[in-house]
$ cat protein.cif   # mmCIF, N, CA and C atoms and all ligand atoms
data_protein
loop_
_atom_site.label_atom_id
_atom_site.label_comp_id
_atom_site.auth_asym_id
_atom_site.auth_seq_id
_atom_site.Cartn_x
_atom_site.Cartn_y
_atom_site.Cartn_z
N MET A 1361 95.66 123.05 85.60
CA MET A 1361 94.24 123.00 85.98
C MET A 1361 94.15 122.74 87.48
N PRO A 1362 93.37 123.55 88.20
CA PRO A 1362 93.23 123.32 89.65
C PRO A 1362 92.62 121.95 89.94
N LEU A 1363 93.03 121.40 91.05
CA LEU A 1363 92.64 120.03 91.36
C LEU A 1363 91.14 119.87 91.49
N ASP A 1364 90.45 120.85 92.05
CA ASP A 1364 89.00 120.69 92.24
C ASP A 1364 88.27 120.66 90.89
N LEU A 1365 88.81 121.39 89.91
CA LEU A 1365 88.22 121.35 88.56
C LEU A 1365 88.44 119.98 87.93
N VAL A 1366 89.61 119.45 88.14
CA VAL A 1366 89.92 118.12 87.62
C VAL A 1366 88.98 117.11 88.23
N GLN A 1367 88.80 117.22 89.53
CA GLN A 1367 87.93 116.30 90.25
C GLN A 1367 86.51 116.38 89.72
N GLU A 1368 86.05 117.60 89.51
CA GLU A 1368 84.69 117.80 89.01
C GLU A 1368 84.52 117.14 87.63
N ALA A 1369 85.49 117.38 86.79
CA ALA A 1369 85.46 116.81 85.45
C ALA A 1369 85.46 115.29 85.53
N TRP A 1370 86.25 114.80 86.46
CA TRP A 1370 86.34 113.36 86.60
C TRP A 1370 85.00 112.78 87.06
N GLU A 1371 84.40 113.42 88.05
CA GLU A 1371 83.15 112.90 88.60
C GLU A 1371 82.03 112.91 87.57
N LYS A 1372 82.12 113.84 86.63
CA LYS A 1372 81.11 113.90 85.58
C LYS A 1372 81.28 112.75 84.60
N SER A 1373 82.49 112.28 84.46
CA SER A 1373 82.70 111.13 83.58
C SER A 1373 82.39 109.85 84.34
N ALA A 1374 82.64 108.74 83.70
CA ALA A 1374 82.14 107.48 84.24
C ALA A 1374 82.95 107.00 85.44
N THR A 1375 82.60 107.49 86.60
CA THR A 1375 83.31 107.08 87.81
C THR A 1375 83.15 105.59 88.07
N GLU A 1376 81.99 105.07 87.73
CA GLU A 1376 81.74 103.66 88.02
C GLU A 1376 82.58 102.73 87.15
N HIS A 1377 83.12 103.28 86.07
CA HIS A 1377 83.95 102.45 85.19
C HIS A 1377 85.42 102.84 85.30
N VAL A 1378 85.78 103.32 86.46
CA VAL A 1378 87.14 103.83 86.64
C VAL A 1378 88.19 102.77 86.37
N ASP A 1379 87.89 101.53 86.75
CA ASP A 1379 88.91 100.50 86.57
C ASP A 1379 89.11 100.15 85.10
N MET A 1380 88.18 100.58 84.25
CA MET A 1380 88.37 100.38 82.83
C MET A 1380 89.01 101.60 82.18
N ALA A 1381 88.76 102.77 82.75
CA ALA A 1381 89.28 103.99 82.16
C ALA A 1381 90.74 104.20 82.52
N VAL A 1382 91.08 103.93 83.76
CA VAL A 1382 92.45 104.14 84.22
C VAL A 1382 92.96 102.82 84.77
N GLN A 1383 94.10 102.41 84.29
CA GLN A 1383 94.66 101.15 84.76
C GLN A 1383 95.51 101.36 86.00
N CYS A 1384 95.37 100.42 86.90
CA CYS A 1384 96.20 100.43 88.09
C CYS A 1384 97.67 100.29 87.69
N GLN A 1385 98.52 101.14 88.28
CA GLN A 1385 99.94 101.14 87.91
C GLN A 1385 100.76 100.20 88.78
N LEU A 1386 100.19 99.70 89.84
CA LEU A 1386 100.94 98.79 90.70
C LEU A 1386 101.09 97.44 90.01
N SER A 1387 102.14 96.75 90.34
CA SER A 1387 102.27 95.39 89.83
C SER A 1387 101.18 94.55 90.48
N SER A 1388 100.90 93.41 89.89
CA SER A 1388 99.73 92.63 90.29
C SER A 1388 99.66 92.45 91.80
N HIS A 1389 98.50 92.70 92.35
CA HIS A 1389 98.29 92.56 93.79
C HIS A 1389 96.85 92.19 94.02
N ASP A 1390 96.58 91.64 95.19
CA ASP A 1390 95.23 91.19 95.51
C ASP A 1390 94.52 92.25 96.33
N GLY A 1391 93.45 92.79 95.79
CA GLY A 1391 92.61 93.72 96.53
C GLY A 1391 93.35 94.96 96.99
N GLY A 1392 92.85 95.56 98.07
CA GLY A 1392 93.46 96.77 98.58
C GLY A 1392 93.17 97.95 97.68
N GLU A 1393 94.03 98.95 97.77
CA GLU A 1393 93.81 100.16 96.99
C GLU A 1393 94.54 100.08 95.66
N HIS A 1394 93.90 100.63 94.65
CA HIS A 1394 94.51 100.70 93.32
C HIS A 1394 94.87 102.15 93.03
N TYR A 1395 95.92 102.31 92.28
CA TYR A 1395 96.39 103.65 91.93
C TYR A 1395 96.63 103.75 90.44
N GLY A 1396 96.05 104.76 89.83
CA GLY A 1396 96.30 105.02 88.41
C GLY A 1396 96.78 106.45 88.26
N LEU A 1397 97.78 106.64 87.46
CA LEU A 1397 98.31 107.99 87.25
C LEU A 1397 97.30 108.83 86.49
N PHE A 1398 96.93 109.95 87.07
CA PHE A 1398 95.96 110.82 86.43
C PHE A 1398 96.66 111.97 85.72
N SER A 1399 97.61 112.58 86.37
CA SER A 1399 98.33 113.69 85.76
C SER A 1399 99.66 113.86 86.47
N ASP A 1400 100.72 114.05 85.70
CA ASP A 1400 102.01 114.29 86.34
C ASP A 1400 102.49 115.71 86.10
N THR A 1401 101.53 116.58 85.85
CA THR A 1401 101.89 117.98 85.55
C THR A 1401 101.68 118.88 86.76
N GLY A 1402 101.59 118.30 87.94
CA GLY A 1402 101.40 119.10 89.14
C GLY A 1402 102.68 119.78 89.58
N GLU A 1403 102.72 120.14 90.85
CA GLU A 1403 103.91 120.75 91.41
C GLU A 1403 105.10 119.86 91.18
N TYR A 1404 106.28 120.44 91.15
CA TYR A 1404 107.49 119.66 90.94
C TYR A 1404 107.59 118.57 92.01
N GLY A 1405 107.89 117.36 91.57
CA GLY A 1405 108.09 116.26 92.51
C GLY A 1405 106.81 115.63 92.99
N THR A 1406 105.68 116.03 92.44
CA THR A 1406 104.42 115.39 92.81
C THR A 1406 103.64 115.02 91.54
N ALA A 1407 102.67 114.17 91.71
CA ALA A 1407 101.79 113.80 90.61
C ALA A 1407 100.39 113.59 91.18
N THR A 1408 99.39 113.69 90.33
CA THR A 1408 98.03 113.45 90.76
C THR A 1408 97.63 112.03 90.42
N TRP A 1409 97.16 111.32 91.42
CA TRP A 1409 96.81 109.91 91.26
C TRP A 1409 95.34 109.71 91.55
N LEU A 1410 94.76 108.78 90.85
CA LEU A 1410 93.43 108.31 91.17
C LEU A 1410 93.58 107.11 92.09
N ARG A 1411 92.89 107.16 93.21
CA ARG A 1411 92.97 106.06 94.15
C ARG A 1411 91.59 105.45 94.29
N TRP A 1412 91.46 104.17 94.16
CA TRP A 1412 90.16 103.54 94.31
C TRP A 1412 90.28 102.15 94.87
N ARG A 1413 89.18 101.68 95.39
CA ARG A 1413 89.07 100.30 95.86
C ARG A 1413 87.98 99.62 95.05
N GLU A 1414 87.93 98.33 95.10
CA GLU A 1414 86.88 97.60 94.41
C GLU A 1414 85.51 98.14 94.83
N ARG A 1415 84.70 98.41 93.84
CA ARG A 1415 83.32 98.84 94.08
C ARG A 1415 83.22 100.07 94.96
N ALA A 1416 84.22 100.90 94.97
CA ALA A 1416 84.14 102.15 95.73
C ALA A 1416 84.49 103.31 94.81
N GLU A 1417 84.08 104.49 95.19
CA GLU A 1417 84.33 105.65 94.36
C GLU A 1417 85.81 106.02 94.35
N ALA A 1418 86.25 106.50 93.23
CA ALA A 1418 87.65 106.91 93.12
C ALA A 1418 87.84 108.30 93.69
N GLU A 1419 89.02 108.60 94.16
CA GLU A 1419 89.34 109.95 94.58
C GLU A 1419 90.69 110.34 94.03
N LEU A 1420 90.86 111.65 93.87
CA LEU A 1420 92.12 112.17 93.36
C LEU A 1420 93.00 112.58 94.53
N VAL A 1421 94.24 112.15 94.50
CA VAL A 1421 95.18 112.52 95.55
C VAL A 1421 96.48 112.97 94.91
N ALA A 1422 97.08 114.00 95.49
CA ALA A 1422 98.40 114.46 95.04
C ALA A 1422 99.45 113.80 95.91
N LEU A 1423 100.36 113.09 95.28
CA LEU A 1423 101.36 112.33 96.03
C LEU A 1423 102.75 112.67 95.52
N PRO A 1424 103.73 112.69 96.44
CA PRO A 1424 105.12 112.92 96.01
C PRO A 1424 105.64 111.73 95.23
N ASP A 1425 106.55 112.00 94.31
CA ASP A 1425 107.13 110.92 93.50
C ASP A 1425 107.94 109.97 94.38
N CYS A 1426 107.98 108.72 93.97
CA CYS A 1426 108.81 107.72 94.65
C CYS A 1426 110.28 108.11 94.46
N PRO A 1427 111.02 108.23 95.57
CA PRO A 1427 112.42 108.68 95.47
C PRO A 1427 113.40 107.56 95.21
N VAL A 1428 112.93 106.33 95.16
CA VAL A 1428 113.85 105.19 95.05
C VAL A 1428 114.25 104.97 93.60
N VAL A 1429 115.54 105.03 93.37
CA VAL A 1429 116.08 104.89 92.01
C VAL A 1429 116.81 103.55 91.93
N ALA A 1430 116.75 102.93 90.78
CA ALA A 1430 117.41 101.64 90.60
C ALA A 1430 118.91 101.78 90.80
N THR A 1431 119.51 100.77 91.42
CA THR A 1431 120.97 100.77 91.56
C THR A 1431 121.57 100.34 90.23
N GLY A 1432 122.77 100.77 89.99
CA GLY A 1432 123.41 100.41 88.72
C GLY A 1432 123.58 101.62 87.84
N SER A 1433 124.18 101.41 86.69
CA SER A 1433 124.57 102.54 85.85
C SER A 1433 123.38 103.25 85.23
N ASP A 1434 122.30 102.50 84.97
CA ASP A 1434 121.16 103.15 84.31
C ASP A 1434 120.41 104.08 85.27
N GLY A 1435 120.36 103.73 86.57
CA GLY A 1435 119.75 104.58 87.57
C GLY A 1435 118.33 104.98 87.23
N GLU A 1436 117.56 104.03 86.79
CA GLU A 1436 116.20 104.28 86.35
C GLU A 1436 115.31 104.76 87.50
N ALA A 1437 114.52 105.78 87.29
CA ALA A 1437 113.63 106.28 88.32
C ALA A 1437 112.34 105.47 88.34
N CYS A 1438 111.72 105.41 89.52
CA CYS A 1438 110.45 104.72 89.66
C CYS A 1438 109.33 105.68 89.26
N CYS A 1439 108.32 105.17 88.57
CA CYS A 1439 107.23 106.01 88.09
C CYS A 1439 106.07 106.09 89.08
N LEU A 1440 106.22 105.46 90.23
CA LEU A 1440 105.13 105.45 91.20
C LEU A 1440 105.31 106.57 92.22
N PHE A 1441 104.54 106.51 93.29
CA PHE A 1441 104.55 107.56 94.31
C PHE A 1441 105.27 107.07 95.56
N ASP A 1442 105.65 108.00 96.40
CA ASP A 1442 106.37 107.70 97.62
C ASP A 1442 105.52 106.81 98.54
N GLY A 1443 106.09 105.72 99.01
CA GLY A 1443 105.40 104.86 99.96
C GLY A 1443 104.45 103.86 99.33
N HIS A 1444 104.55 103.66 98.02
CA HIS A 1444 103.64 102.73 97.36
C HIS A 1444 103.90 101.29 97.79
N ALA A 1445 102.89 100.45 97.65
CA ALA A 1445 103.05 99.02 97.91
C ALA A 1445 103.63 98.35 96.67
N GLU A 1446 103.97 97.10 96.81
CA GLU A 1446 104.44 96.30 95.67
C GLU A 1446 105.78 96.81 95.13
N HIS A 1447 106.08 96.45 93.89
CA HIS A 1447 107.40 96.69 93.34
C HIS A 1447 107.52 98.07 92.72
N HIS A 1448 108.77 98.55 92.66
CA HIS A 1448 109.04 99.76 91.90
C HIS A 1448 108.89 99.43 90.41
N THR A 1449 108.58 100.43 89.62
CA THR A 1449 108.33 100.14 88.20
C THR A 1449 109.57 99.57 87.53
N TRP A 1450 110.76 100.04 87.93
CA TRP A 1450 111.97 99.51 87.30
C TRP A 1450 112.22 98.07 87.71
N GLU A 1451 111.72 97.64 88.87
CA GLU A 1451 111.83 96.23 89.25
C GLU A 1451 110.98 95.37 88.34
N ALA A 1452 109.79 95.85 88.05
CA ALA A 1452 108.88 95.11 87.17
C ALA A 1452 109.51 94.95 85.78
N VAL A 1453 110.16 95.99 85.31
CA VAL A 1453 110.81 95.94 83.99
C VAL A 1453 111.93 94.92 84.00
N LYS A 1454 112.71 94.93 85.07
CA LYS A 1454 113.82 93.97 85.18
C LYS A 1454 113.28 92.54 85.19
N ASN A 1455 112.21 92.31 85.96
CA ASN A 1455 111.64 90.98 86.04
C ASN A 1455 111.12 90.52 84.68
N ALA A 1456 110.57 91.45 83.92
CA ALA A 1456 110.02 91.10 82.61
C ALA A 1456 111.14 90.71 81.66
N ARG A 1457 112.31 91.36 81.83
CA ARG A 1457 113.43 91.06 80.93
C ARG A 1457 114.03 89.70 81.21
N SER A 1458 114.08 89.31 82.48
CA SER A 1458 114.79 88.08 82.84
C SER A 1458 113.91 86.84 82.68
ZN ZN B 1501 95.67 97.61 91.59
ZN ZN B 1502 108.93 103.11 93.72
#
$ encode --input "protein.cif" --output "structure tokens"
Amino acid sequence: MPLDLVQEAWEKSATEHVDMAVQCQLSSHDGGEHYGLFSDTGEYGTATWLRWRERAEAELVALPDCPVVATGSDGEACCLFDGHAEHHTWEAVKNARS
């Protein structure tokens, strides 16, 4: 689906309740921008993310995947985007286990 169609569909739905519809994927952080995965079916190596701030309208952005992979034998990939703030998703999993 072309991105502008996705955006249109999104804007027709409850934009004001975006923080309830899509959960921020970043580990807990104070304020700033929130990112929720909207679709990972875009071009190879990219995903479509919803980006929003408190009390501001959300926008759709296409971002490259985070290239940082966990060290060690499992080599788990991060589910976030390149240049994200906070922890990689595999770090959060490790912290939860310990
Ligand atoms: Zn957030
Ligand atoms: Zn990452």
$ residues_near_ligand --input "protein.cif" --ligand "ligand ZN 1502 (chain B)" --cutoff "10 Å" --atoms "only C-alpha atoms and all ligand atoms" --output "PyMOL selection string"
chain A and resi 1386+1425-1430+1437-1451
$ residues_near_ligand --input "protein.cif" --ligand "ligand ZN 1501 (chain B)" --cutoff "8 Å" --atoms "only C-alpha atoms and all ligand atoms" --output "MDAnalysis selection string"
chainID A and resid 1383:1395
$ atom_distance --input "protein.cif" --atom1 "atom CA of A:Trp1412" --atom2 "atom C of A:Gly1435"
29.1 Å
$ select_by_dssp --input "protein.cif" --residues "stretch 1379-1450 of chain A" --states "alpha helix (DSSP H)" --output "PyMOL selection string"
chain A and resi 1379-1381+1449-1450
$ atom_distance --input "protein.cif" --atom1 "atom C of A:Glu1419" --atom2 "atom CA of A:Ser1399"
11.7 Å
$ atom_distance --input "protein.cif" --atom1 "atom N of A:Leu1410" --atom2 "atom CA of A:Ala1422"
7.9 Å
$ residues_around --input "protein.cif" --residues "stretch 1400-1408 of chain A" --least-positions-apart "4" --cutoff "7 Å" --atoms "only N, CA and C atoms" --output "PyMOL selection string"
chain A and resi 1396+1420-1425
